[in-house]
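Student: Take a look at the following structure, please.
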Amino acid sequence: MSGNNMVAVQETQAATEILTCRVGDQWLGFQVRQVREVVAPQTCTAMPLSADAVMGLINLRGRVITQLDVRKVVGLPDRESDVYRVAIVETLSGEDFGLVMDEVGEVIDLDPELYEKTPKTLDRIWQDVSEGVLKQDERVVVLVNVERFIAMTIPQADDMDETRVLH
Amino acid sequence: MDQELLAEFLTESNENMASIEEQLMELEARPQDEELINAIFRVIHTVKGSCGFLGLSGLEKLAHAGENLLGKIRSLKFAVNEDLVSLLLDCADGINDYLQGLEANGAEPALDHSSVISRLQAAERLVDSMAGAGISVVAEAAQTAAIEPSPVQSTPDRDQQAAEKSVAESTAEAGDDEIGVDDWAGDFAEAVRAAMTAKGWHTPEQVIAAGFAPLRDLEAVSPADALKILGLSKKLVAQGGATKKSTETETKNETDSAQSAAAETEAVGVEVMPEQATKTATRNLPAPTKKTVAPAAKAKSAGSIRVDVELLDSLMNQVGELVLTRNRLLQMVQESGSMEFMRVGREVDQVTERLQSQLLRTRMQPIKTIWGSVPRVVRDMSKSLDKRIDVVMEGEETELDRTILTALKDPLTHIIRNSCDHGVEMPAVRRAAGKPEAGTLRLTAAQESGFIVIVVSDDGGGINAEKVKAKALSMGVIDEAMAASMNDQAALQLIFNAGLSTVEKVSNLSGRGVGMDVVKTSIEKVGGSVDISSEMGKGTQLRIRIPLTLAIISAMIVRCCDRRFAIPQISVRELLSARSTSDDWRIIGGHPFFRLRGRLLPILELAETLHLAENVPHDGSIVVMDMGDRTFGILIDEIFGAEEIVVKPLGVHFQQLGHYGGCSILGDGSVIPILDCNGLAQMMDLSEEVDQAALLGNEEHALKASEMQHVLVYKHGVARFAIPMSLVERLERFSADKIELSGGSEVLQYRDEEVIPVLRWGDLIGETRERADASDEKEKDEEGEVYGLILSDGKNRMCLQVDEIVDILEVPLEIKKPAQKEFFLGTTVILEQATEVVEVFDVIKRAVPDWLDQEAEPADQSRRHSILFVEDAAFFRNLVVPSLQAMQCDVWTAEDGVQACRILADKIPDIILTDLEMPNMDGYELARWIAGQERFQGIPVVALTATPPDEKDYERRKMFDEVLLKFDRKTMTETLQLMINRSADNKASLN
């Protein structure tokens, strides 16, 4: 599951399986069902004037996918190395997105024993997009609601007016 | 086989067969329509007849069987029922299979349609006996059913095996001359017949005597066959062998064709109890006949030649390459500064443009190409579902790129199947709900603001959003929280999620194969979108939106700060090289401008606009954009060239960004953003002063609304002359020796084909020969070559020899001082110098005195005719204006309705020609305004449009005297000429 290889994730896996990813010091969990695959860095075309979180567009076997930098979304400093992983997630709207993570971990079972509501101590951003956490021995995995996470990165009309100010 | 003959046969047959399906279904509705039967009969008859010529024995047999049946139906005026129509449709399908195979391989495909053939033959006999005995099909069925109550059953697998076995056997025993059983039971498998013969049962009477049980016990005879043989025997005995003779002939025909047991089940099924048996057969045996069923009725455009699609695609690629090369060439030409190169380059440019746009049109096909099979699909579906569904189709002529069409075919079929299956309710349910028993499936296609919108709607039960939600929840597609926050509209879209179906048990019709998720993906793959809406009890509607622009567009690939961008070629007017050393740069109000042919072009610095860099040097290239209402330049670092790209939609993150129109994938696999130049233009944010400054610098801009013309400026001595380009065919440079003396006048051998008269400008303006000679000498001394303007109206040519070419320009021909002399219109100012404008017609009249007389009267009169041409796109202006000028009309151009009104304030043209879609004031508004002004009464207002009218437009377009297509230059000039002549006549009659 680790290493530089592309990790194809079976779509048929049960809804209770969680793919863990790391961004900065935080571990995140995504429902395996929503993750199409995990790929290595692809040639990314930046899109000037787009929202901060948008890293650019990648060509995944002929499909153009918007790549979002999770670090930017949660307000972490820029990644120093160019080693990262992209989890391709699907959403209800039918559009797929590439979520850029520092590291992709393993697939774990959603163990009810470990499940807890999102602690108030976690960063504000996680309160908004998580559906609880899994408390493991050495780490807390935030269960991310992909829909809400993506929605957060979409610029609203008012935001855009600022970028429109030119000259 | 004669391939040429075959091709002709295929074209003809495909055309004929395309309509037969429709006709058959019409026949079902109007069984007594003799005309219809005749038409159908003729088609099949023609196919059969041609087969003999071409030696297509398999197809001939099938067509022959169909023809015989139709012949019987026709001669006996037999009212067909739906089973017969089904059978005839199968026959048509079979014929189409053959045609397809022939088309693909050039040789007759080896197909086994013996089951259809024998069913056709059986049906023919049935029709014969029924009509002869005066018994209706239904009555007979009831009667037979009373005698033999046991149901007819068969299993496809065993029949299939039996069929294969019997094929082998019948081949082995071909030529078998045995008589007896074969005479009357020829439809049954060889093995069956052999077994019967072995038992000594040669006649129907003997079979009846033997009884059912022994017959069934024969190894080769299935119980079903036994039943059928018995039934047949009884009938034959009852008819007293009346049909024996005809049966005999048919049997002879058949002995070499493979007989299949499966077919027999159906064949005799038709014979014994038509209603029930065929239905059973269709339900139980969808495989044997359907397996090879071709996609029905391919709509082929009539009166055209057939071109291999691959060839078209490869042509398309070649033209793409050509466009690329053309752009490189134009750049080089621009740099070379040579007039001659420029002229050639311009021509190459125009030809390429036309070639490309026309080739794109060859890829457009009306949507009926894929809708053609819909009535059939729905008919088959409704039959097997015992529902009644009518199909209504609107906008069948809407054209789409064939790539999109191909991609749409499967999703559309699936949607339709889904509507029939899940949407429309059973007749009883509909009746109870107070709806008509027959459901309606409506397909519409229309153009809507740059998109093609296809709507498939049914008036069925609708989809229960709550049910969808519950299902999605149970399948784990959504969770409780999501379900709670979801409105009905959003819930309905879940249908497109993999593995959702609202009907509990999976139906074998639309549940099979692709699901709605595949429908969605395939539509999105071609850049479209699909959504669903539904109202409980009222029906369901699926809306597919496909962008028109999907088709491959041509775009300039440019570099700016090491990033690549694509700029749609459609609004690119020209490309300029703009070095920082150029003295054409101006900074006004802090904004950069570039002086281009006396005008100040506002410049958008892409790097700064997109925040890629600041204080960029004014160095690189400028892409001049013509956005209709404004012209501006985009400063970029480098132009790579033009490429044909496929526009892909951008995701939700870019919906708010006006400056992107989509993205594309380049040859190297990288993604490239496509700039939306309308969006960019809006970002330019030029303050009012800057606009003022731009306008001040653009003195000519204000005049542009009046009379822009391409003129060629040449020098003679120190004087400058301008000649309108409309009649200048080419610019030649040739050796002065080439001008020869013939019959007292000078001529030139033009392009080895023609001898054309030559006039020397010096002679015309009354210069003495000595001086002219001297100047000739001077020319010869330098290069020995002179310039000649070849003037032509398409029929006649002449050469005007001039001294020195200055430039070709687009200028407003404002005559400042009308001329008093022959050969001159007057004086104008071009490039800040007084220039005399040449009256081309005077020159031509001098060279070819009867030239204009040949043209018929109007040509001369029409010189004073004028056309106001309103069009926002410079491309079309450039395309159309020369045609209008060639009609010897004065052309006033305006870029929108507002400008047009301004011109109309003090001028009255003979014809007003206007585009429909324009900024500020569009063609409709303009036409309405004109209609309200009394002084324009009787002046034709003609609309010029790129799009054929859709339904919505139809009414609105009535306010125009004529609606013409932009690309159809011939019709346009002809129509306008007619109008001009008419108005000339009117004027004459008034006088």
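For the structure tokens, the naming scheme is as follows: chains receive sequential letters (A, B, ...) according to their order of presentation, residues are indexed from 1 within each chain, and ligands are indexed from 1 in presentation order.
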Where does chain A meet chain B within 6 Å, residue by residue, with the nearest atom pair and distance in Å to one decimal for each, counting only C-alpha atoms, listed by chain and rising number, as CSV?
Tutor:
residue,atom,partner,partner_atom,distance
A:Thr45,CA,B:Val671,CA,5.9
A:Pro48,CA,B:Leu610,CA,5.7
A:Ile154,CA,B:His653,CA,5.2
Student: Show which residues sit within 8 Å of Val86 in chain A, as a VMD selection string. Count only C-alpha atoms, and ignore same-chain residues fewer than 6 positions away.
Tutor: chain A and resid 38 to 41 98 to 101
Student: Once DSSP has gone over the backbone, tell me which residues of range 64-139 of chain A are in strand (DSSP E), as a PyMOL selection string.
Tutor: chain A and resi 64-69+85-90+96-101+103-109+115-116+130-135
Student: Can I get the selected residues back with C-alpha atoms, as a PDB file, in the first residue's frame?
Tutor:
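The resulting file, out-v9.pdb, is shown below:
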ATOM      1  CA  VAL A  64      -9.214  16.416 -16.957  1.00  0.00           C
ATOM      2  CA  ILE A  65      -9.366  16.514 -13.176  1.00  0.00           C
ATOM      3  CA  THR A  66      -9.132  19.490 -10.843  1.00  0.00           C
ATOM      4  CA  GLN A  67      -6.358  18.922  -8.328  1.00  0.00           C
ATOM      5  CA  LEU A  68      -6.827  20.449  -4.884  1.00  0.00           C
ATOM      6  CA  ASP A  69      -4.026  20.951  -2.400  1.00  0.00           C
ATOM      7  CA  ARG A  85       0.175  11.437  -3.378  1.00  0.00           C
ATOM      8  CA  VAL A  86      -3.058  12.290  -5.103  1.00  0.00           C
ATOM      9  CA  ALA A  87      -6.231  10.578  -3.998  1.00  0.00           C
ATOM     10  CA  ILE A  88      -8.779  10.697  -6.791  1.00  0.00           C
ATOM     11  CA  VAL A  89     -12.155  11.010  -5.109  1.00  0.00           C
ATOM     12  CA  GLU A  90     -15.573  10.935  -6.662  1.00  0.00           C
ATOM     13  CA  ASP A  96     -13.880  13.722  -9.699  1.00  0.00           C
ATOM     14  CA  PHE A  97     -11.218  15.624  -7.819  1.00  0.00           C
ATOM     15  CA  GLY A  98      -7.600  14.962  -7.022  1.00  0.00           C
ATOM     16  CA  LEU A  99      -6.797  15.596  -3.357  1.00  0.00           C
ATOM     17  CA  VAL A 100      -3.105  16.151  -2.771  1.00  0.00           C
ATOM     18  CA  MET A 101      -1.831  14.466   0.401  1.00  0.00           C
ATOM     19  CA  GLU A 103       1.339  10.543   2.387  1.00  0.00           C
ATOM     20  CA  VAL A 104      -1.147   7.762   1.925  1.00  0.00           C
ATOM     21  CA  GLY A 105      -1.340   5.185   4.668  1.00  0.00           C
ATOM     22  CA  GLU A 106      -3.229   1.947   4.893  1.00  0.00           C
ATOM     23  CA  VAL A 107      -6.853   0.896   4.662  1.00  0.00           C
ATOM     24  CA  ILE A 108      -8.373   0.352   8.080  1.00  0.00           C
ATOM     25  CA  ASP A 109     -11.734  -0.905   9.263  1.00  0.00           C
ATOM     26  CA  TYR A 115     -15.176   6.051  16.893  1.00  0.00           C
ATOM     27  CA  GLU A 116     -15.725   9.365  18.650  1.00  0.00           C
ATOM     28  CA  SER A 130     -15.496  15.766   9.562  1.00  0.00           C
ATOM     29  CA  GLU A 131     -18.013  13.196  10.655  1.00  0.00           C
ATOM     30  CA  GLY A 132     -16.168  12.143  13.721  1.00  0.00           C
ATOM     31  CA  VAL A 133     -12.764  10.684  14.401  1.00  0.00           C
ATOM     32  CA  LEU A 134     -11.150   7.323  14.982  1.00  0.00           C
ATOM     33  CA  LYS A 135      -8.915   7.382  18.015  1.00  0.00           C
TER      34      LYS A 135
END
Student: Can you check which residues of range 2-161 of chain A DSSP gives as alpha helix (DSSP H) on the backbone and send them as a list in words?
Tutor: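 DSSP on the backbone gives alpha helix (DSSP H) at Val70, Arg71, Lys72, Val73, Arg124, Ile125, Trp126, Gln127, Asp128, Val129, Val146, Glu147, Arg148, Phe149, Ile150, Ala151, Met152, Thr153, Ala157, Asp158, Asp159, Met160 and Asp161 of chain A.
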